[in-house]
Structure formats: C-alpha cells, structure tokens
file start_17.cif (mmCIF, C-alpha atoms)
data_query
loop_
_atom_site.label_atom_id
_atom_site.label_comp_id
_atom_site.auth_asym_id
_atom_site.auth_seq_id
_atom_site.Cartn_x
_atom_site.Cartn_y
_atom_site.Cartn_z
CA MET A 113 -40.19 -17.45 17.39
CA ASP A 114 -39.80 -18.77 20.89
CA PRO A 115 -36.79 -17.04 22.41
CA MET A 116 -36.10 -20.07 24.56
CA ASN A 117 -35.77 -22.33 21.51
CA ALA A 118 -32.40 -24.04 21.68
CA ASN A 119 -31.97 -23.78 17.89
CA ASP A 120 -32.57 -20.04 17.82
CA PRO A 121 -29.15 -18.48 17.31
CA ARG A 122 -30.30 -15.02 18.33
CA VAL A 123 -29.09 -13.60 21.58
CA HIS A 124 -31.79 -11.83 23.53
CA ILE A 125 -30.38 -8.70 24.99
CA MET A 126 -32.47 -6.96 27.61
CA ARG A 127 -31.78 -3.52 26.34
CA SER A 128 -33.93 -0.78 24.86
CA GLN A 129 -33.44 0.28 21.23
CA LEU A 130 -32.28 3.70 22.42
CA GLY A 131 -29.77 2.14 24.77
CA ARG A 132 -28.46 -0.06 21.99
CA ALA A 133 -28.13 2.86 19.59
CA ARG A 134 -26.25 4.84 22.22
CA GLY A 135 -23.97 1.90 22.92
CA LEU A 136 -23.14 1.42 19.25
CA GLY A 137 -23.22 5.02 18.11
CA ALA A 138 -20.45 7.21 16.77
CA ALA A 139 -17.86 8.30 19.29
CA LYS A 140 -17.03 11.27 17.03
CA THR A 141 -13.35 10.41 17.13
CA GLY A 142 -13.40 7.29 14.95
CA VAL A 143 -12.33 9.03 11.74
CA GLY A 144 -9.27 10.70 13.26
CA HIS A 145 -7.00 7.75 12.45
CA TRP A 146 -8.38 7.49 8.90
CA TRP A 147 -7.84 11.19 8.24
CA ALA A 148 -4.32 11.23 9.68
CA GLN A 149 -3.37 8.27 7.48
CA ARG A 150 -4.60 10.09 4.34
CA VAL A 151 -3.14 13.49 5.21
CA THR A 152 0.30 11.98 5.93
CA ALA A 153 0.00 9.96 2.69
CA ILE A 154 -0.62 13.13 0.67
CA PHE A 155 2.31 14.87 2.41
CA LEU A 156 4.51 11.87 1.67
CA LEU A 157 3.88 11.93 -2.10
CA PRO A 158 6.09 14.99 -2.82
CA LEU A 159 8.37 14.25 0.15
CA CYS A 160 9.14 10.74 -1.16
CA LEU A 161 10.00 12.09 -4.60
CA TYR A 162 12.26 14.65 -2.89
CA PHE A 163 13.84 11.87 -0.80
CA VAL A 164 14.47 9.69 -3.86
CA GLY A 165 16.03 12.69 -5.62
CA SER A 166 18.19 13.42 -2.56
CA VAL A 167 19.41 9.83 -2.37
CA LEU A 168 20.45 9.97 -6.04
CA ALA A 169 22.13 13.34 -5.47
CA LEU A 170 24.00 12.00 -2.42
CA GLU A 171 24.99 8.69 -4.01
CA GLY A 172 28.53 7.83 -3.01
CA ALA A 173 28.83 11.10 -1.09
CA ASP A 174 31.23 11.41 1.82
CA ARG A 175 30.12 12.78 5.15
CA ALA A 176 31.21 16.34 4.37
CA ARG A 177 29.03 16.50 1.27
CA MET A 178 26.09 15.08 3.17
CA ALA A 179 26.57 17.67 5.93
CA ALA A 180 26.77 20.41 3.30
CA TYR A 181 23.56 19.13 1.69
CA LEU A 182 21.64 19.06 4.97
CA GLY A 183 23.26 22.37 5.91
CA GLU A 184 20.98 23.99 3.36
CA PRO A 185 17.97 25.07 5.45
CA TRP A 186 15.42 23.87 2.86
CA ASN A 187 16.93 20.42 2.79
CA ALA A 188 17.00 20.19 6.58
CA VAL A 189 13.36 21.30 6.82
CA LEU A 190 12.26 18.85 4.12
CA PHE A 191 14.13 15.99 5.81
CA LEU A 192 12.50 16.86 9.14
CA LEU A 193 9.08 16.99 7.47
CA LEU A 194 9.80 13.65 5.81
CA THR A 195 10.80 12.15 9.17
CA GLY A 196 7.62 13.35 10.86
CA ALA A 197 5.18 12.34 8.12
CA LEU A 198 6.93 9.04 7.41
CA PHE A 199 7.07 7.74 10.98
CA TYR A 200 3.56 8.97 11.80
CA HIS A 201 2.22 7.23 8.66
CA LEU A 202 4.18 4.11 9.61
CA ALA A 203 2.80 4.07 13.16
CA LEU A 204 -0.78 4.40 11.88
CA GLY A 205 -0.32 1.71 9.23
CA LEU A 206 1.38 -0.81 11.49
CA GLN A 207 -1.31 -0.24 14.13
CA VAL A 208 -3.97 -1.40 11.65
CA VAL A 209 -1.91 -4.43 10.66
CA VAL A 210 -1.37 -5.45 14.30
CA GLU A 211 -5.05 -4.93 15.15
CA ASP A 212 -6.03 -7.12 12.19
CA TYR A 213 -3.83 -10.08 13.05
CA VAL A 214 -3.15 -10.00 16.80
CA HIS A 215 -6.38 -10.81 18.59
CA LYS A 216 -5.31 -11.49 22.16
CA GLU A 217 -5.70 -8.22 24.02
CA SER A 218 -2.48 -8.47 26.03
CA SER A 219 -0.36 -9.46 23.01
CA LYS A 220 -1.94 -6.71 20.92
CA LEU A 221 -1.22 -4.06 23.52
CA THR A 222 2.35 -5.27 24.04
CA THR A 223 3.06 -5.38 20.28
CA LEU A 224 1.65 -1.89 19.75
CA LEU A 225 3.59 -0.43 22.67
CA VAL A 226 6.87 -1.99 21.50
CA LEU A 227 6.34 -0.94 17.87
CA ASN A 228 5.35 2.60 18.79
CA GLY A 229 8.31 2.88 21.15
CA LEU A 230 10.65 1.74 18.37
CA ILE A 231 9.05 4.14 15.88
CA ILE A 232 9.37 7.12 18.23
CA PHE A 233 12.99 6.15 18.94
CA CYS A 234 13.85 5.96 15.22
CA ALA A 235 11.98 9.18 14.45
CA LEU A 236 13.88 11.06 17.17
CA ALA A 237 17.20 9.52 16.06
CA CYS A 238 16.56 10.70 12.49
CA ALA A 239 15.46 14.18 13.54
CA VAL A 240 18.41 14.72 15.91
CA SER A 241 20.84 13.44 13.27
CA VAL A 242 19.43 15.80 10.63
CA LEU A 243 19.62 18.72 13.07
CA LYS A 244 23.19 17.84 14.09
CA LEU A 245 24.28 17.71 10.44
CA ALA A 246 22.38 20.89 9.61
CA LEU A 247 23.47 23.08 12.52
CA MET B 47 -41.07 -11.47 19.92
CA THR B 48 -42.24 -11.36 23.49
CA LYS B 49 -42.98 -8.12 25.22
CA ALA B 50 -40.11 -6.91 27.32
CA GLY B 51 -40.81 -7.27 31.00
CA GLY B 52 -43.99 -9.24 30.46
CA GLY B 53 -42.51 -12.67 30.02
CA THR B 54 -44.40 -14.37 32.82
CA LYS B 55 -45.01 -17.47 30.71
CA GLN B 56 -41.32 -18.05 30.20
CA PRO B 57 -39.37 -20.21 32.56
CA PRO B 58 -36.56 -18.39 34.36
CA HIS B 59 -32.99 -18.94 33.23
CA LYS B 60 -31.32 -21.94 34.73
CA SER B 61 -27.68 -22.86 34.59
CA GLY B 62 -26.97 -25.30 31.79
CA GLN B 63 -29.97 -24.11 29.81
CA LYS B 64 -29.39 -23.84 26.06
CA SER B 65 -30.97 -20.42 25.66
CA GLY B 66 -28.69 -17.83 24.12
CA LEU B 67 -26.42 -20.41 22.54
CA VAL B 68 -25.49 -20.45 18.89
CA LYS B 69 -24.72 -23.47 16.81
CA GLY B 70 -20.97 -23.81 16.48
CA LEU B 71 -20.40 -21.95 19.72
CA ASN B 72 -20.62 -23.69 23.05
CA ASN B 73 -20.55 -20.55 25.10
CA PRO B 74 -23.10 -17.77 25.27
CA MET B 75 -22.27 -14.85 23.02
CA LYS B 76 -20.79 -12.10 25.10
CA ASP B 77 -20.58 -9.39 22.51
CA VAL B 78 -23.43 -7.33 21.12
CA ARG B 79 -21.79 -7.42 17.70
CA GLU B 80 -22.09 -11.20 17.61
CA ALA B 81 -25.83 -10.95 18.12
CA LEU B 82 -26.02 -8.87 14.96
CA MET B 83 -24.23 -11.47 12.85
CA VAL B 84 -27.33 -13.57 12.44
CA GLY B 85 -29.29 -13.94 9.20
CA ARG B 86 -31.74 -16.28 7.48
CA ASN B 87 -30.90 -18.85 4.82
CA SER B 88 -33.13 -19.53 1.79
CA GLU B 89 -35.33 -21.84 3.89
CA GLY B 90 -35.96 -19.07 6.37
CA LYS B 91 -33.90 -20.76 9.04
CA LEU B 92 -31.81 -18.53 11.29
CA VAL B 93 -28.08 -19.05 10.74
CA ARG B 94 -24.88 -17.26 11.55
CA ARG B 95 -23.75 -15.10 8.66
CA PRO B 96 -20.48 -16.18 7.06
CA ILE B 97 -17.50 -14.02 7.80
CA SER B 98 -15.78 -12.73 4.68
CA PRO B 99 -13.37 -12.90 2.91
CA HIS B 100 -12.80 -16.69 3.21
CA LEU B 101 -9.29 -16.59 1.79
CA GLN B 102 -9.13 -20.38 1.45
CA VAL B 103 -11.97 -20.55 -1.09
CA TYR B 104 -11.16 -17.45 -3.12
CA ARG B 105 -9.15 -17.71 -6.33
CA PRO B 106 -6.31 -15.18 -6.14
CA GLN B 107 -7.15 -12.15 -8.25
CA ILE B 108 -5.28 -9.01 -9.26
CA SER B 109 -7.46 -6.94 -6.90
CA SER B 110 -6.79 -9.01 -3.79
CA ALA B 111 -3.14 -9.62 -4.73
CA LEU B 112 -2.41 -5.90 -5.12
CA SER B 113 -4.28 -5.18 -1.90
CA ILE B 114 -2.24 -7.55 0.23
CA PHE B 115 0.90 -6.43 -1.60
CA HIS B 116 0.21 -2.85 -0.46
CA ARG B 117 0.23 -4.10 3.12
CA ILE B 118 3.33 -6.27 2.64
CA THR B 119 5.30 -3.42 1.03
CA GLY B 120 4.11 -1.10 3.82
CA CYS B 121 5.56 -3.45 6.43
CA ALA B 122 8.76 -3.89 4.38
CA LEU B 123 9.15 -0.12 4.14
CA GLY B 124 8.67 0.01 7.91
CA ALA B 125 11.69 -2.26 8.24
CA GLY B 126 13.43 -0.08 5.66
CA THR B 127 13.08 2.98 7.90
CA LEU B 128 15.66 1.25 10.12
CA LEU B 129 18.13 1.65 7.23
CA LEU B 130 17.19 5.31 6.85
CA THR B 131 17.76 5.81 10.58
CA LEU B 132 21.09 3.97 10.41
CA TRP B 133 22.18 6.10 7.43
CA LEU B 134 21.31 9.44 9.08
CA VAL B 135 22.66 8.50 12.53
CA ALA B 136 25.93 7.30 10.96
CA ALA B 137 26.25 10.55 9.03
CA ALA B 138 25.75 12.50 12.24
CA SER B 139 28.14 10.28 14.21
CA GLY B 140 31.37 10.61 12.27
CA ASP B 141 33.41 9.80 9.17
CA ALA B 142 34.28 6.23 10.18
CA ALA B 143 30.67 5.27 10.94
CA PHE B 144 29.38 6.89 7.76
CA SER B 145 31.98 5.21 5.54
CA ALA B 146 31.14 1.85 7.10
CA VAL B 147 27.42 2.29 6.43
CA GLN B 148 28.03 3.55 2.87
CA ALA B 149 30.25 0.54 2.21
CA LEU B 150 27.60 -1.79 3.67
CA LEU B 151 24.91 -0.28 1.44
CA ALA B 152 27.18 -0.46 -1.62
CA SER B 153 27.94 -4.16 -1.06
CA TRP B 154 26.05 -6.76 -3.11
CA LEU B 155 23.79 -7.62 -0.20
CA GLY B 156 23.22 -3.94 0.53
CA LEU B 157 22.38 -3.22 -3.11
CA LEU B 158 19.98 -6.16 -3.20
CA VAL B 159 18.19 -4.83 -0.11
CA LEU B 160 18.15 -1.31 -1.58
CA ILE B 161 16.69 -2.55 -4.88
CA GLY B 162 13.93 -4.31 -2.94
CA PHE B 163 13.45 -1.18 -0.83
CA THR B 164 13.06 1.11 -3.87
CA ALA B 165 10.69 -1.35 -5.57
CA ALA B 166 8.55 -1.51 -2.40
CA LEU B 167 8.66 2.28 -2.11
CA PHE B 168 7.56 2.88 -5.71
CA TYR B 169 4.83 0.23 -5.47
CA HIS B 170 3.45 1.64 -2.20
CA PHE B 171 3.72 5.16 -3.66
CA CYS B 172 1.78 4.30 -6.86
CA ASN B 173 -0.80 2.08 -5.17
CA GLY B 174 -1.20 4.74 -2.48
CA ILE B 175 -2.23 7.22 -5.19
CA ARG B 176 -4.73 4.59 -6.38
CA HIS B 177 -6.08 4.36 -2.82
CA LEU B 178 -6.40 8.16 -2.63
CA PHE B 179 -8.46 8.15 -5.84
CA TRP B 180 -10.76 5.54 -4.27
CA ASP B 181 -11.06 7.78 -1.20
CA PHE B 182 -12.43 10.45 -3.54
CA GLY B 183 -14.95 7.90 -4.83
CA LYS B 184 -13.26 7.46 -8.21
CA GLY B 185 -12.18 4.32 -10.04
CA TYR B 186 -14.40 1.77 -8.33
CA GLU B 187 -15.74 0.13 -11.53
CA LEU B 188 -14.09 -3.27 -12.00
CA PRO B 189 -12.56 -2.54 -15.45
CA ASP B 190 -11.17 0.78 -14.11
CA MET B 191 -9.87 -0.95 -11.00
CA HIS B 192 -8.12 -3.67 -12.99
CA ARG B 193 -6.64 -1.12 -15.39
CA SER B 194 -5.32 1.09 -12.58
CA GLY B 195 -3.87 -2.04 -10.95
CA TYR B 196 -1.86 -2.92 -14.05
CA ILE B 197 -0.80 0.73 -14.41
CA VAL B 198 0.54 0.59 -10.83
CA LEU B 199 2.50 -2.58 -11.59
CA GLY B 200 3.91 -1.09 -14.79
CA ALA B 201 4.79 2.21 -13.12
CA THR B 202 6.56 0.36 -10.30
CA VAL B 203 8.76 -1.53 -12.75
CA VAL B 204 9.50 1.61 -14.81
CA LEU B 205 10.27 3.81 -11.78
CA THR B 206 12.45 1.17 -10.09
CA ALA B 207 14.34 0.48 -13.30
CA GLY B 208 14.67 4.22 -13.97
CA PHE B 209 16.02 4.85 -10.48
CA TRP B 210 18.70 2.20 -10.78
CA VAL B 211 19.67 3.16 -14.32
CA ILE B 212 20.28 6.70 -13.06
CA GLY B 213 21.89 5.30 -9.90
CA PHE B 214 24.40 3.14 -11.76
CA LEU B 215 25.15 5.84 -14.33
CA VAL B 216 25.94 8.37 -11.60
CA TRP B 217 28.01 5.80 -9.70
#
call {"tool": "encode", "arguments": {"input": "start_17.cif", "output": "structure tokens"}}
result
Amino acid sequence: MDPMNANDPRVHIMRSQLGRARGLGAAKTGVGHWWAQRVTAIFLLPLCLYFVGSVLALEGADRARMAAYLGEPWNAVLFLLLTGALFYHLALGLQVVVEDYVHKESSKLTTLLVLNGLIIFCALACAVSVLKLAL
Amino acid sequence: MTKAGGGTKQPPHKSGQKSGLVKGLNNPMKDVREALMVGRNSEGKLVRRPISPHLQVYRPQISSALSIFHRITGCALGAGTLLLTLWLVAAASGDAAFSAVQALLASWLGLLVLIGFTAALFYHFCNGIRHLFWDFGKGYELPDMHRSGYIVLGATVVLTAGFWVIGFLVW
C-alpha cells in the first residue's frame, strides 16, 4: 500500500523494530502497583474482620473503655496495621480510578496530589490517635 | 511497504499534506500507541479498531454491574475512612469530642450512613476475595463467574444483616 495514500490510516514511524521494542518494552517496575494492591488486600481481609469485631465490641463505649481497649498492645498494633494497609490500599485504588477518568494531565496530577495528601493526613491522624490512646 | 531510507520516488512531506492522517482525526497521530490501533475490516480495508467497552451499546449484565459496584463501593469506603479518622481523633482528643461523635453516629442519619458503610465494606470484602481468586486464575468460566457473583451479593446481604442484628441486640 502506498504510504502517502490519504485514506491509509497507518502512521509511518521512522523507527527501527528494535527501537520500537525498546520504547514499548517492560520498565520492570510496572507490576509494583498491582502487587501492592493485592498484598494490602490480603492483609485487609483478616484486619477488616478484626475491625468489624472491634466496632461491635466498642459499640456505645465511652472514651475510657475505648482507651482501655486500645491500651492492650495487640489491639494497638492491629489498629496501626489496619491504618497502614487500609490507607495504602485506598491510595492505590483511588489512583487507578483517577487515572481512568481524569485525562487532562494537569487535572490528573492535581487530583492525585490532593487525594494523596488527604490520605496521608488521615492515615497519620489515625495512627497518632491510636498511639495517644494506647500509650 | 517501502524500504526505509530508500524512498526516492516519494514526494517529500509538505505542510497541509494528508499523509499520516486518520479518518475521524484531523490531526496527525502523535502517539505510537495510536498507530497500533489500526486493523482491517472484512473487506480488507484499513480502519481504526473500536475502543471497548462501548458502555452505551452494552446491555447491563451481572458481571459488569458487580465490577463497577466494586469501584463505587471502594470510593464510598474511601469517604468512609474520614469517619474512621473522625472517630479515632475524637477518642484521642477528649470526652466531650468523643461523646459528640458517638452521638452523631448513633443519630438516625449517622446510623443510615453506617449501614451503607457496612454494606459497602462487606460487598468490597466479598468481591475482593472473588478478585483474588481470579488473580490465581480460578473462576473465569462464565457459569462460575455468575455463580460467584450471586454468592457475593447474598453474602453481602447476610453479613450486613448479621452485623446490624448483633449491633442492635448489643445496643
């Protein structure tokens, strides 16, 4: 086919096959996000059940009982683990959602920065609160 | 295909020339990926490949509905983490703040939000297990996939109802 044909939708890229393969090849880091999402998901399965159980145990509790509950080292550790896995999983998940629907580069970057900032803020607030109640 | 570098018979590029343009696009494709999205139709004519999934022509199905619901509940749970943060920060702040938050959560509006939050949590939890099975290459057959989908819906209802039955009995 004549590459100059106006009806030919192909784009003719002056690039060798090797160059193209290098340009499109694996960066070796692409699966990091995927793995982190799965690993945090697996961590969150038991942690969520623990959290649901804790909420039922603390239903209607006053602050003293809550402090006593988190004063148990195991509970404090599990709440800290929950905080870490939960907010990390959330950051990874929301990143995918934003990248799927926000196409303009500047808006995408801004949205991701704001969301990640908010997530880190909430994660730190939770962790510090748990530590303050526990210690 | 012409030999690279040997195109002496071809005229040089001129501005305004139509070379490198694709039907439906009035600008030259800038991205290598776009050049790969070209196929042939049944008449052998080169066309742009359609981009899936074409939501507007698909009939809603249990598979797609549960898929988008996983994403929606994920985002809802993200908003729900603000409640978790509020609850923990209030508990760490003092008696007055914690009582206020507990009262807010025990109000009708608070309970409604919490019921939605637990339902979203249990759905995302169950469907997440379904996703993990897929990651291990299991459950991809359509009948299996539909069955596991209905199991997830049933488990969500049972777990949410169970949680609130226990919750109201303890109350």
call {"tool": "atom_distance", "arguments": {"input": "start_17.cif", "atom1": "atom CA of Leu225 of chain A", "atom2": "atom CA of Leu128 of chain B"}}
result
17.5 Å
call {"tool": "resolve_selection", "arguments": {"input": "start_17.cif", "expression": "the PyMOL selection byres ((chain B and resi 173-185) around 10)", "output": "PyMOL selection string"}}
result
(chain A and resi 150+153-154+157) or (chain B and resi 112-113+115-116+167-172+186-195+197-199+201-202)
call {"tool": "resolve_selection", "arguments": {"input": "start_17.cif", "expression": "the PyMOL selection byres ((chain A and resi 190) around 12)", "output": "ChimeraX atom specification"}}
result
/A:155-156,158-163,166,181-189,191-198,239,242-243,246
call {"tool": "atom_distance", "arguments": {"input": "start_17.cif", "atom1": "atom CA of Glu171 of chain A", "atom2": "atom CA of Thr119 of chain B"}}
result
23.7 Å
call {"tool": "closest_residue", "arguments": {"input": "start_17.cif", "among": "A:Gly144, A:Thr223, A:Tyr213, A:Gly172", "to": "chain B", "atoms": "only C-alpha atoms"}}
result
A:Gly172
call {"tool": "atom_distance", "arguments": {"input": "start_17.cif", "atom1": "atom CA of Phe233 of chain A", "atom2": "atom CA of Thr206 of chain B"}}
result
29.5 Å
call {"tool": "resolve_selection", "arguments": {"input": "start_17.cif", "expression": "the PyMOL selection byres ((chain A and resi 175) around 10)", "output": "count of residues only"}}
result
22
call {"tool": "closest_residue", "arguments": {"input": "start_17.cif", "among": "B:Ile161, B:Leu151, B:Leu92, B:Leu101", "to": "chain A", "atoms": "only C-alpha atoms"}}
result
B:Leu92
call {"tool": "closest_residue", "arguments": {"input": "start_17.cif", "among": "A:Thr222, A:Val151, A:Glu211, A:Leu168", "to": "chain B", "atoms": "only C-alpha atoms"}}
result
A:Leu168
call {"tool": "axis_aligned_box", "arguments": {"input": "start_17.cif", "around": "segment 145-156 of chain B", "padding_each_side": "6 Å", "output": "lines of an AutoDock Vina configuration file"}}
result
center_x = 27.6
center_y = -1.2
center_z = 2.0
size_x = 20.8
size_y = 24.8
size_z = 22.2
call {"tool": "closest_residue", "arguments": {"input": "start_17.cif", "among": "A:Leu247, A:Leu202, A:Val208, A:Ala148", "to": "chain B", "atoms": "all atoms listed in the file"}}
result
A:Leu202
call {"tool": "closest_residue", "arguments": {"input": "start_17.cif", "among": "A:Leu221, A:Val167, A:Ala237, A:Ile231", "to": "Ala203 of chain A", "atoms": "only C-alpha atoms"}}
result
A:Ile231
call {"tool": "closest_residue", "arguments": {"input": "start_17.cif", "among": "B:Val135, B:Leu150, B:Leu160, B:Leu215", "to": "chain A", "atoms": "all atoms listed in the file"}}
result
B:Val135
